[in-house]
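Enquirer: Take a look at data02.cif, mmCIF, C-alpha atoms:
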data_structure
#
loop_
_atom_site.label_atom_id
_atom_site.label_comp_id
_atom_site.auth_asym_id
_atom_site.auth_seq_id
_atom_site.Cartn_x
_atom_site.Cartn_y
_atom_site.Cartn_z
CA MET A 1 171.57 23.43 121.08
CA THR A 2 170.43 27.04 120.79
CA ASP A 3 167.60 28.25 118.57
CA ASN A 4 170.13 29.82 116.21
CA GLU A 5 172.11 26.59 115.94
CA LEU A 6 168.91 24.69 115.23
CA ASP A 7 167.98 27.17 112.49
CA GLU A 8 171.43 26.81 110.94
CA ILE A 9 171.16 23.01 110.85
CA LEU A 10 167.61 23.14 109.48
CA LYS A 11 168.85 25.20 106.52
CA THR A 12 170.84 22.23 105.28
CA TRP A 13 167.70 20.42 104.11
CA ASP A 14 167.52 21.58 100.51
CA THR A 15 164.78 20.74 98.06
CA PRO A 16 165.21 20.30 94.32
CA GLU A 17 163.87 22.89 91.93
CA PRO A 18 160.55 22.04 90.28
CA PRO A 19 161.12 20.75 86.76
CA PRO A 20 160.64 23.32 83.97
CA SER A 21 158.32 20.85 82.22
CA LEU A 22 155.75 21.37 84.97
CA ARG A 23 154.78 24.78 83.59
CA GLY A 24 154.27 23.27 80.15
CA ARG A 25 152.02 20.57 81.54
CA VAL A 26 149.90 23.02 83.48
CA ARG A 27 149.69 25.22 80.39
CA ALA A 28 148.58 22.25 78.32
CA GLY A 29 145.98 21.50 80.99
CA PHE A 30 144.68 25.03 80.67
CA THR A 31 144.32 24.66 76.90
CA VAL A 32 142.49 21.36 77.27
CA ALA A 33 140.15 22.80 79.90
CA ARG A 34 139.39 25.84 77.74
CA ASN A 35 138.73 23.78 74.62
CA ARG A 36 136.56 21.31 76.48
CA ARG A 37 134.28 23.91 77.95
CA PRO A 38 131.01 23.62 76.06
CA ALA A 39 128.12 26.06 76.03
CA LEU A 40 125.71 25.57 78.93
CA PHE A 41 122.92 23.88 76.95
CA LEU A 42 125.45 21.64 75.23
CA SER A 43 127.00 20.81 78.56
CA LEU A 44 123.66 19.79 80.02
CA PHE A 45 122.85 17.72 76.95
CA LEU A 46 126.26 16.02 76.98
CA SER A 47 126.13 15.26 80.69
CA TRP A 48 122.63 13.79 80.35
CA ARG A 49 123.66 11.73 77.34
CA ALA A 50 126.94 10.64 78.89
CA GLY A 51 125.23 9.76 82.15
CA PHE A 52 122.56 7.77 80.36
CA SER A 53 125.08 5.92 78.19
CA ALA A 54 127.37 5.18 81.09
CA GLY A 55 124.45 3.97 83.19
CA ALA A 56 123.20 1.72 80.41
CA LEU A 57 126.67 0.31 79.84
CA LEU A 58 127.23 -0.32 83.51
CA ALA A 59 123.86 -1.98 83.91
CA ALA A 60 124.53 -4.23 80.92
CA ALA A 61 128.00 -5.11 82.22
CA ALA A 62 126.64 -5.78 85.68
CA LEU A 63 123.88 -8.01 84.34
CA LEU A 64 126.32 -9.97 82.21
CA LEU A 65 128.75 -10.42 85.05
CA PHE A 66 126.02 -11.37 87.47
CA VAL A 67 124.74 -14.05 85.09
CA VAL A 68 128.26 -15.36 84.42
CA GLN A 69 129.09 -15.50 88.12
CA LYS A 70 125.91 -17.34 88.92
CA ALA A 71 126.55 -19.82 86.12
CA VAL A 72 130.26 -20.35 86.79
CA PRO A 73 131.06 -19.88 90.48
CA GLN A 74 134.56 -18.64 91.22
CA GLN A 75 136.99 -20.92 93.00
CA ALA A 76 137.88 -19.81 96.53
CA PRO A 77 141.55 -18.94 97.06
CA GLN A 78 143.67 -21.40 99.07
CA VAL A 79 144.10 -19.32 102.19
CA PRO A 80 144.23 -20.38 105.86
CA TRP A 81 141.34 -18.16 106.86
CA MET A 82 138.79 -15.70 105.57
CA VAL A 83 136.85 -13.01 107.32
CA ASN A 84 133.40 -11.54 106.90
CA SER A 85 133.09 -7.86 107.67
CA GLU A 86 130.37 -5.28 107.73
CA PHE A 87 130.93 -1.63 106.95
CA LEU A 88 128.69 0.75 108.81
CA ARG A 89 127.91 4.41 108.26
CA TYR A 90 126.74 6.54 111.22
CA ALA A 91 124.29 9.43 110.94
CA ASP A 92 124.51 12.64 112.96
CA ASP A 93 122.02 11.25 115.49
CA GLY A 94 124.23 8.19 116.11
CA SER A 95 122.04 5.72 114.22
CA SER A 96 123.89 3.34 111.91
CA SER A 97 123.25 1.46 108.70
CA VAL A 98 125.26 -1.23 106.93
CA GLU A 99 126.78 0.13 103.73
CA MET A 100 128.57 -3.01 102.57
CA TYR A 101 129.28 -6.62 103.49
CA ALA A 102 132.63 -8.05 102.45
CA THR A 103 134.56 -11.29 102.54
CA SER A 104 138.30 -10.88 102.45
CA TYR A 105 141.60 -12.58 103.21
CA ASN A 106 145.19 -11.74 103.94
CA VAL A 107 148.01 -11.75 101.38
CA ASN A 108 151.36 -10.92 103.00
CA GLY A 109 149.81 -8.46 105.38
CA ASN A 110 147.53 -6.86 102.82
CA GLU A 111 143.79 -7.37 102.96
CA THR A 112 142.35 -8.58 99.69
CA ILE A 113 138.67 -8.58 98.80
CA TRP A 114 137.14 -11.90 97.79
CA SER A 115 133.57 -10.71 97.39
CA ARG A 116 131.30 -7.94 98.59
CA SER A 117 127.65 -7.10 98.51
CA SER A 118 125.19 -4.35 99.22
CA PRO A 119 122.57 -5.25 101.86
CA GLY A 120 119.29 -6.00 100.09
CA ASN A 121 120.30 -4.43 96.78
CA LEU A 122 121.07 -6.90 94.02
CA LEU A 123 121.67 -4.25 91.37
CA LYS A 124 124.24 -2.46 93.50
CA THR A 125 125.92 -5.77 94.29
CA ALA A 126 126.09 -6.62 90.61
CA LEU A 127 127.48 -3.17 89.78
CA TRP A 128 130.15 -3.49 92.44
CA GLN A 129 131.12 -6.95 91.21
CA ALA A 130 131.35 -5.60 87.69
CA ALA A 131 133.50 -2.71 88.87
CA ASP A 132 135.74 -5.10 90.85
CA ALA A 133 136.10 -7.39 87.83
CA VAL A 134 136.99 -4.47 85.55
CA GLY A 135 139.50 -3.22 88.14
CA GLU A 136 141.11 -6.64 88.43
CA LEU A 137 141.24 -7.00 84.66
CA HIS A 138 142.85 -3.59 84.35
CA LYS A 139 145.43 -4.53 86.99
CA ARG A 140 146.30 -7.82 85.32
CA ILE A 141 146.29 -6.82 81.68
CA MET A 142 146.54 -3.07 81.23
CA MET A 143 148.84 -2.04 84.07
CA PRO A 144 152.50 -1.95 83.03
CA GLU A 145 154.76 -4.50 84.71
CA ASN A 146 157.01 -1.83 86.26
CA LEU A 147 154.03 -0.22 87.98
CA ARG A 148 152.86 -3.58 89.26
CA ALA A 149 156.36 -4.31 90.54
CA GLU A 150 156.44 -0.95 92.29
CA ARG A 151 153.11 -1.71 93.93
CA ARG A 152 154.32 -5.14 95.02
CA ALA A 153 157.45 -3.60 96.54
CA ARG A 154 155.35 -1.05 98.40
CA ALA A 155 152.98 -3.72 99.61
CA ALA A 156 155.87 -5.78 100.96
CA GLN A 157 156.83 -2.91 103.24
CA SER A 158 153.36 -2.21 104.45
CA VAL A 159 150.29 -3.57 106.16
CA GLY A 160 147.15 -2.80 104.19
CA ALA A 161 143.52 -2.79 105.23
CA ILE A 162 140.24 -2.33 103.41
CA THR A 163 138.69 0.56 105.28
CA GLY A 164 135.45 1.27 103.47
CA CYS A 165 133.79 2.34 100.25
CA ALA A 166 135.11 4.78 97.68
CA ALA A 167 133.51 6.37 94.63
CA LEU A 168 129.90 5.38 95.38
CA CYS A 169 131.20 2.00 96.50
CA LEU A 170 132.31 1.14 92.98
CA ALA A 171 135.72 0.71 94.56
CA VAL A 172 136.97 0.00 98.06
CA ASP A 173 139.24 2.22 100.08
CA HIS A 174 142.53 0.53 100.86
CA PHE A 175 144.99 2.19 103.21
CA SER A 176 148.56 1.07 103.73
CA PHE A 177 150.66 1.63 106.79
CA LEU A 178 154.39 1.26 107.18
CA ARG A 179 155.17 -2.15 108.67
CA ALA A 180 156.84 -2.03 112.09
CA ILE A 181 160.53 -2.91 112.30
CA PRO A 182 160.82 -6.66 113.07
CA GLY A 183 161.01 -7.18 116.83
CA ALA A 184 159.65 -3.72 117.62
CA ILE A 185 157.37 -3.59 120.63
CA THR A 186 154.78 -1.78 118.56
CA GLY A 187 154.04 -5.04 116.75
CA CYS A 188 152.10 -4.48 113.55
CA ILE A 189 152.74 -1.00 112.21
CA SER A 190 155.01 1.83 113.22
CA GLY A 191 153.19 3.97 115.73
CA VAL A 192 152.08 3.96 119.33
CA VAL A 193 149.83 1.14 120.55
CA LEU A 194 146.86 2.80 122.27
CA GLY A 195 145.69 -0.39 123.94
CA SER A 196 144.31 -3.72 122.96
CA GLU A 197 140.95 -5.41 122.72
CA THR A 198 139.77 -8.93 122.05
CA ILE A 199 137.72 -9.42 118.90
CA LEU A 200 136.26 -12.85 118.14
CA GLY A 201 138.86 -14.44 120.38
CA HIS A 202 141.85 -12.64 118.84
CA ARG A 203 143.92 -9.99 120.56
CA ALA A 204 143.95 -6.81 118.50
CA ASP A 205 146.35 -3.90 119.09
CA MET A 206 144.88 -0.47 118.54
CA PHE A 207 146.70 2.15 116.48
CA ARG A 208 145.54 5.62 115.60
CA GLU A 209 146.28 7.51 112.39
CA ARG A 210 145.18 10.85 111.04
CA TRP A 211 142.51 10.43 108.36
CA THR A 212 141.81 13.87 106.98
CA GLU A 213 142.68 17.23 108.48
CA HIS A 214 139.54 16.94 110.61
CA GLY A 215 139.45 13.25 111.28
CA ARG A 216 141.19 10.22 112.67
CA MET A 217 141.17 6.49 112.07
CA THR A 218 141.62 3.88 114.78
CA LEU A 219 142.65 0.41 113.65
CA SER A 220 142.55 -2.74 115.75
CA MET A 221 145.03 -5.17 114.23
CA ALA A 222 145.43 -8.81 115.22
CA PRO A 223 149.11 -9.87 115.30
CA ASP A 224 148.17 -13.58 115.20
CA LEU A 225 146.22 -12.99 111.96
CA GLY A 226 149.07 -11.29 110.10
CA CYS A 227 148.07 -7.88 111.48
CA PHE A 228 144.66 -8.07 109.83
CA ALA A 229 142.52 -5.05 110.78
CA LEU A 230 139.54 -6.54 112.63
CA ARG A 231 138.04 -3.16 113.35
CA VAL A 232 138.50 0.28 111.81
CA LYS A 233 136.79 3.35 113.19
CA TYR A 234 136.58 6.71 111.45
CA GLU A 235 135.86 9.76 113.53
CA THR A 236 135.62 13.40 112.54
CA GLU A 237 136.52 16.30 114.74
CA ARG A 238 133.78 18.60 115.95
CA PRO A 239 134.52 22.33 116.28
CA GLY A 240 134.88 21.91 120.07
CA GLY A 241 137.62 19.32 119.63
CA SER A 242 135.59 16.19 120.45
CA PHE A 243 135.18 13.42 117.88
CA ARG A 244 132.11 11.86 116.28
CA LEU A 245 132.03 8.31 114.91
CA VAL A 246 131.10 8.44 111.21
CA ALA A 247 131.99 5.02 109.85
CA GLU A 248 133.19 1.68 111.06
CA LYS A 249 134.45 -1.62 109.71
CA ARG A 250 133.68 -4.62 111.91
CA VAL A 251 134.77 -8.19 111.36
CA VAL A 252 131.80 -10.38 112.25
CA LYS A 253 133.12 -13.85 111.44
CA ILE A 254 136.48 -15.55 110.95
CA THR A 255 136.42 -18.84 109.07
CA LEU A 256 139.48 -21.03 109.50
CA HIS A 257 140.26 -23.40 106.63
CA GLN A 258 142.23 -26.12 108.39
CA MET B 1 135.96 32.03 90.32
CA ASP B 2 136.43 31.41 86.59
CA PHE B 3 140.14 31.03 85.88
CA ILE B 4 139.53 29.98 82.28
CA ALA B 5 137.72 33.25 81.56
CA GLY B 6 140.66 35.10 83.14
CA GLY B 7 142.89 33.89 80.31
CA GLU B 8 146.01 31.81 79.97
CA ALA B 9 148.44 34.62 80.76
CA ALA B 10 146.79 35.39 84.08
CA PHE B 11 146.65 31.71 84.97
CA LEU B 12 150.34 31.21 84.19
CA GLU B 13 151.15 34.30 86.21
CA LEU B 14 149.41 32.66 89.15
CA PHE B 15 151.40 29.48 88.51
CA ASP B 16 154.69 31.39 88.34
CA ALA B 17 153.96 33.18 91.59
CA HIS B 18 153.21 30.09 93.65
CA HIS B 19 154.44 26.86 92.10
CA ALA B 20 157.96 26.83 93.54
CA ALA B 21 156.78 27.19 97.14
CA LEU B 22 154.02 24.64 96.59
CA PHE B 23 156.49 22.20 95.07
CA ARG B 24 158.89 22.56 98.00
CA PHE B 25 156.02 21.99 100.43
CA ALA B 26 154.77 18.91 98.58
CA TYR B 27 158.30 17.53 98.29
CA ARG B 28 158.95 17.94 101.99
CA LEU B 29 155.63 16.30 102.86
CA THR B 30 155.81 13.37 100.44
CA GLY B 31 159.57 12.90 100.19
CA SER B 32 159.12 12.19 96.49
CA PHE B 33 160.03 14.35 93.50
CA SER B 34 157.48 12.77 91.19
CA ASP B 35 154.69 12.92 93.78
CA ALA B 36 155.44 16.58 94.44
CA GLU B 37 155.34 17.28 90.71
CA ASP B 38 152.00 15.51 90.30
CA VAL B 39 150.49 17.16 93.35
CA VAL B 40 151.38 20.67 92.18
CA GLN B 41 150.09 19.99 88.68
CA GLU B 42 146.84 18.59 90.07
CA CYS B 43 146.52 21.56 92.41
CA PHE B 44 146.51 24.06 89.54
CA LEU B 45 144.37 21.96 87.23
CA GLN B 46 141.80 21.61 89.99
CA LEU B 47 141.22 25.36 89.80
CA LEU B 48 140.05 24.94 86.20
CA ARG B 49 137.37 22.39 86.93
CA PRO B 50 133.76 23.54 87.03
CA ALA B 51 133.42 21.88 90.43
CA SER B 52 136.39 23.75 91.93
CA SER B 53 135.61 24.76 95.50
CA TYR B 54 137.77 27.88 95.46
CA ASP B 55 135.90 30.95 96.68
CA PRO B 56 138.00 34.13 96.70
CA ALA B 57 135.59 35.75 99.13
CA ARG B 58 136.41 33.12 101.75
CA THR B 59 140.05 32.20 101.20
CA PRO B 60 143.10 33.95 99.74
CA ILE B 61 144.43 32.03 96.75
CA ARG B 62 147.76 31.15 98.39
CA THR B 63 146.02 29.66 101.42
CA TYR B 64 143.72 27.68 99.15
CA LEU B 65 146.59 26.34 97.02
CA PHE B 66 148.63 25.28 100.05
CA GLY B 67 145.51 23.60 101.42
CA VAL B 68 145.03 21.61 98.21
CA VAL B 69 148.70 20.59 98.11
CA ARG B 70 148.52 19.54 101.73
CA ASN B 71 145.41 17.41 101.21
CA GLN B 72 146.72 15.82 98.02
CA SER B 73 150.09 15.05 99.61
CA LEU B 74 148.53 13.49 102.69
CA LYS B 75 146.18 11.49 100.50
CA ARG B 76 149.14 10.06 98.62
CA LEU B 77 150.97 9.29 101.83
CA ARG B 78 147.98 7.43 103.18
CA LYS B 79 147.22 5.55 100.01
CA HIS B 80 150.78 4.27 99.84
CA ALA B 81 153.18 3.37 102.58
CA PRO B 82 154.65 6.61 103.97
CA ALA B 83 157.68 7.69 101.99
CA SER B 84 160.92 7.81 103.85
CA ALA B 85 162.66 11.13 104.14
CA ALA B 86 163.94 12.52 100.87
CA VAL B 87 167.61 11.75 100.81
CA SER B 88 170.03 13.68 98.65
CA GLN B 89 172.00 11.83 96.02
CA VAL B 90 174.40 14.55 95.03
CA SER B 91 178.08 13.68 94.74
CA SER B 92 180.23 16.63 95.63
CA PRO B 93 183.29 17.80 97.55
CA GLU B 94 183.69 16.88 101.21
CA SER B 95 182.13 20.03 102.66
CA ASP B 96 179.11 19.52 100.44
CA LEU B 97 178.95 15.89 101.47
CA LEU B 98 178.78 16.92 105.10
CA ARG B 99 176.05 19.38 104.24
CA ASN B 100 174.17 16.66 102.37
CA GLU B 101 174.58 14.33 105.30
CA LEU B 102 173.26 16.97 107.66
CA GLY B 103 170.43 17.70 105.24
CA ASP B 104 169.49 14.03 105.19
CA LEU B 105 169.55 13.96 108.95
CA VAL B 106 167.27 17.00 109.11
CA ALA B 107 164.95 15.49 106.48
CA ARG B 108 164.65 12.32 108.52
CA ALA B 109 164.08 14.21 111.75
CA VAL B 110 161.33 16.36 110.21
CA THR B 111 159.71 13.36 108.54
CA GLN B 112 159.57 11.59 111.89
CA LEU B 113 157.58 14.42 113.47
CA PRO B 114 153.90 13.65 114.01
CA GLU B 115 151.94 14.66 110.93
CA THR B 116 150.14 17.51 112.68
CA GLN B 117 153.41 19.10 113.80
CA ARG B 118 155.25 18.38 110.56
CA GLU B 119 152.83 20.34 108.38
CA VAL B 120 152.83 23.36 110.67
CA PHE B 121 156.59 23.28 111.00
CA ILE B 122 157.30 23.07 107.26
CA LEU B 123 154.84 25.83 106.46
CA ALA B 124 156.12 28.14 109.17
CA HIS B 125 159.84 27.45 109.08
CA TYR B 126 160.57 26.67 105.46
CA GLU B 127 157.83 28.59 103.67
CA HIS B 128 157.54 31.48 106.13
CA ILE B 129 153.77 31.37 106.03
CA PRO B 130 152.33 33.58 108.82
CA LEU B 131 150.90 31.57 111.69
CA ALA B 132 147.46 33.12 111.27
CA GLU B 133 147.39 31.91 107.65
CA ILE B 134 148.49 28.43 108.71
CA ALA B 135 145.67 28.44 111.23
CA GLN B 136 143.19 29.26 108.47
CA LEU B 137 144.70 26.71 106.10
CA MET B 138 144.51 23.93 108.66
CA SER B 139 141.23 25.03 110.28
CA LEU B 140 142.94 25.41 113.64
CA ASP B 141 143.02 28.19 116.15
CA LEU B 142 146.17 30.25 116.42
CA GLY B 143 147.04 28.81 119.82
CA ALA B 144 147.04 25.27 118.45
CA VAL B 145 149.35 26.30 115.61
CA LYS B 146 151.78 27.97 118.01
CA SER B 147 151.82 25.00 120.33
CA ARG B 148 152.38 22.52 117.46
CA LEU B 149 155.23 24.64 116.17
CA GLN B 150 156.85 24.84 119.60
CA ARG B 151 156.52 21.11 120.10
CA ALA B 152 158.00 20.46 116.67
CA ARG B 153 161.01 22.67 117.34
CA ALA B 154 161.57 21.10 120.77
CA SER B 155 161.37 17.64 119.28
CA LEU B 156 163.76 18.52 116.44
CA LYS B 157 166.23 20.01 118.90
CA GLU B 158 166.18 16.81 120.88
CA THR B 159 166.56 14.54 117.85
CA LEU B 160 169.26 16.59 116.20
CA THR B 161 171.19 17.16 119.42
CA ALA B 162 171.33 13.41 119.87
CA ALA B 163 172.52 12.87 116.31
CA TYR B 164 174.75 15.88 115.87
CA PRO B 165 177.79 14.66 117.89
CA ASP B 166 178.29 11.89 115.33
CA LEU B 167 178.44 14.41 112.55
CA GLU B 168 180.76 16.64 114.56
CA ARG B 169 183.22 13.77 114.83
CA LYS B 170 183.11 13.27 111.10
CA LYS B 171 184.18 16.88 110.42
#
When written as structure tokens, how does the structure in this file appear?
Expert:
Amino acid sequence: MTDNELDEILKTWDTPEPPPSLRGRVRAGFTVARNRRPALFLSLFLSWRAGFSAGALLAAAALLLFVVQKAVPQQAPQVPWMVNSEFLRYADDGSSSVEMYATSYNVNGNETIWSRSSPGNLLKTALWQAADAVGELHKRIMMPENLRAERRARAAQSVGAITGCAALCLAVDHFSFLRAIPGAITGCISGVVLGSETILGHRADMFRERWTEHGRMTLSMAPDLGCFALRVKYETERPGGSFRLVAEKRVVKITLHQ
Amino acid sequence: MDFIAGGEAAFLELFDAHHAALFRFAYRLTGSFSDAEDVVQECFLQLLRPASSYDPARTPIRTYLFGVVRNQSLKRLRKHAPASAAVSQVSSPESDLLRNELGDLVARAVTQLPETQREVFILAHYEHIPLAEIAQLMSLDLGAVKSRLQRARASLKETLTAAYPDLERKK
């Protein structure tokens, strides 16, 4: 195939026109942004007041939830195994600190949080639990059924892993990867297996994915645990092309419920 | 830069000048019409936020907008399972059907390229963005952009050459 023939074939991939309604929506966004812009002193006042109110509300919610959870312990899900993980953050000098501890389990290839905590910080832990409870409530009650069905369908085609904290740890980052074709030598997800390692007695195949434009994520997934990600490493690219480890998820314990 | 102070007309002019190319880019990256629509909308609305990182002294507006669309599209792809190639659903005469079939084949071949090559290829081939601008947009050196583009074209040639005889027989 010549370059010209390739160019001719490539032309056949058409894209649809953007919908005319898009301009109207952006225009409406402009109007909203313009009308919302307050004077500087008002802005400072509003942000202080909003921040204070939100903080007070969150603290109250967290306290309430913490008390309720202590009084009425949740029932553990009936799952064959659960894992305890720690999520580390690495500084420029290579030193690390634990950002979050989590207990999670596997639901059809997708990691699901059971509980999580902040090391030595009860208030943070309570806030996170409150945020998780609100998120769960929103998913169960507020989210329309069609959206939930769409998410379920997506989840069925993918392998999902909790990879770290998001939004000041009020949420967790959950990445999904396209499940490998059944019988494929790649095993867990579509992609090239870089190698394998043994983590807590389980073989884990290593896959690498781009993370951001300057980073990459390496996942070690255990086929015998439903492709659960036992280790996730985030690295960012230095200007010279080498990579620096910035965050890591490590499974530290697997509890079998037999 | 304060786009709100610049006025609605100027902002819509900016939208009119760039939205079609940005939409095509987002669509080709995500494979989804609704995702592409959301990404482009978000890209323009982001300019209006007080925390917008756009600095005209550092980046031309087109480069910035393509960068935002790229990041937003990749974020969506990573949050969800990667979308399969956008497949046409147009019913039409036989010659158009063949074109659609070829288009689907091309879409799949491009979607299967490694992410780093796919972005460079779409920007260079379909949007005709100069390689130096792609290098700035992706924080790469020019050599890396050229090599990714060459690898993408070589890979597409290989994939499409393997698939093309089937389509030839269908003619």
Enquirer: Excluding same-chain residues fewer than 6 positions from Thr125 (chain A), what lies within 8 Å of it counting all atoms listed in the file, as a list in words?
Expert: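 These residues fall inside the cut-off: Arg116, Ser117 and Ser118 of chain A.
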Enquirer: How would the residues just chosen look if you wrote them out with C-alpha atoms as an mmCIF file, keeping the file's coordinate frame?
Expert:
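Below is the file again_35.cif, written as the result:
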data_model
loop_
_atom_site.group_PDB
_atom_site.id
_atom_site.type_symbol
_atom_site.label_atom_id
_atom_site.label_comp_id
_atom_site.auth_asym_id
_atom_site.auth_seq_id
_atom_site.Cartn_x
_atom_site.Cartn_y
_atom_site.Cartn_z
ATOM 1 C CA ARG A 116 131.300 -7.940 98.590
ATOM 2 C CA SER A 117 127.650 -7.100 98.510
ATOM 3 C CA SER A 118 125.190 -4.350 99.220
#
Enquirer: Can you list what the PyMOL selection byres ((chain A) within 8 of (chain B)) grabs from this structure, as a PyMOL selection string?
Expert: chain A and resi 1+6+9-19+22-23+25-27+29-31+33-34+154-155+157-158+174-178+210+212-213
Enquirer: List the neighbours of Asn84 (chain A) out to 9 Å using all atoms listed in the file; skip same-chain residues closer than 2 positions along the sequence, and give me the result as a PyMOL selection string.
Expert: chain A and resi 82+86+101-104+250-255
Enquirer: From the options B:Asp35, B:Leu131, B:Ser53, B:His18, which residue's atoms come nearest to Ala144 (chain B), counting all atoms listed in the file?
Expert: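 Once distances to Ala144 (chain B) are computed over all atoms listed in the file, the minimum belongs to B:Leu131.
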Enquirer: Show which residues sit within 7 Å of Gly164 (chain A), as a list in words. Count only C-alpha atoms, and ignore same-chain residues fewer than 2 positions away.
Expert: Phe87, Ile162, Ala166, Val172, Asp173 and Lys249 of chain A
Enquirer: CA of Ala131 (chain A) to CA of Thr163 (chain A): how many Å, to one decimal?
Expert: 17.5 Å
Enquirer: Could you expand the PyMOL selection byres ((chain A and resi 79) around 10) into the explicit residues it covers here, written as a ChimeraX atom specification?
Expert: /A:76-78,80-82,105-107,256-258
Enquirer: Evaluate the PyMOL selection byres ((chain A and resi 244) around 10) here and jot the selected residues down as a list in words.
Expert: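 Applied to this file, the PyMOL selection byres ((chain A and resi 244) around 10) returns Tyr90, Ala91, Asp92, Gly94, Gly215, Arg216, Tyr234, Glu235, Thr236, Glu237, Arg238, Gly241, Ser242, Phe243, Leu245, Val246 and Ala247 of chain A.
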Enquirer: Could you check which of A:Leu225, A:Met100, A:Met206, A:Ala56 is closest to Leu88 (chain A), using only C-alpha atoms?
Expert: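 Under the stated criterion, the closest residue is A:Met100.
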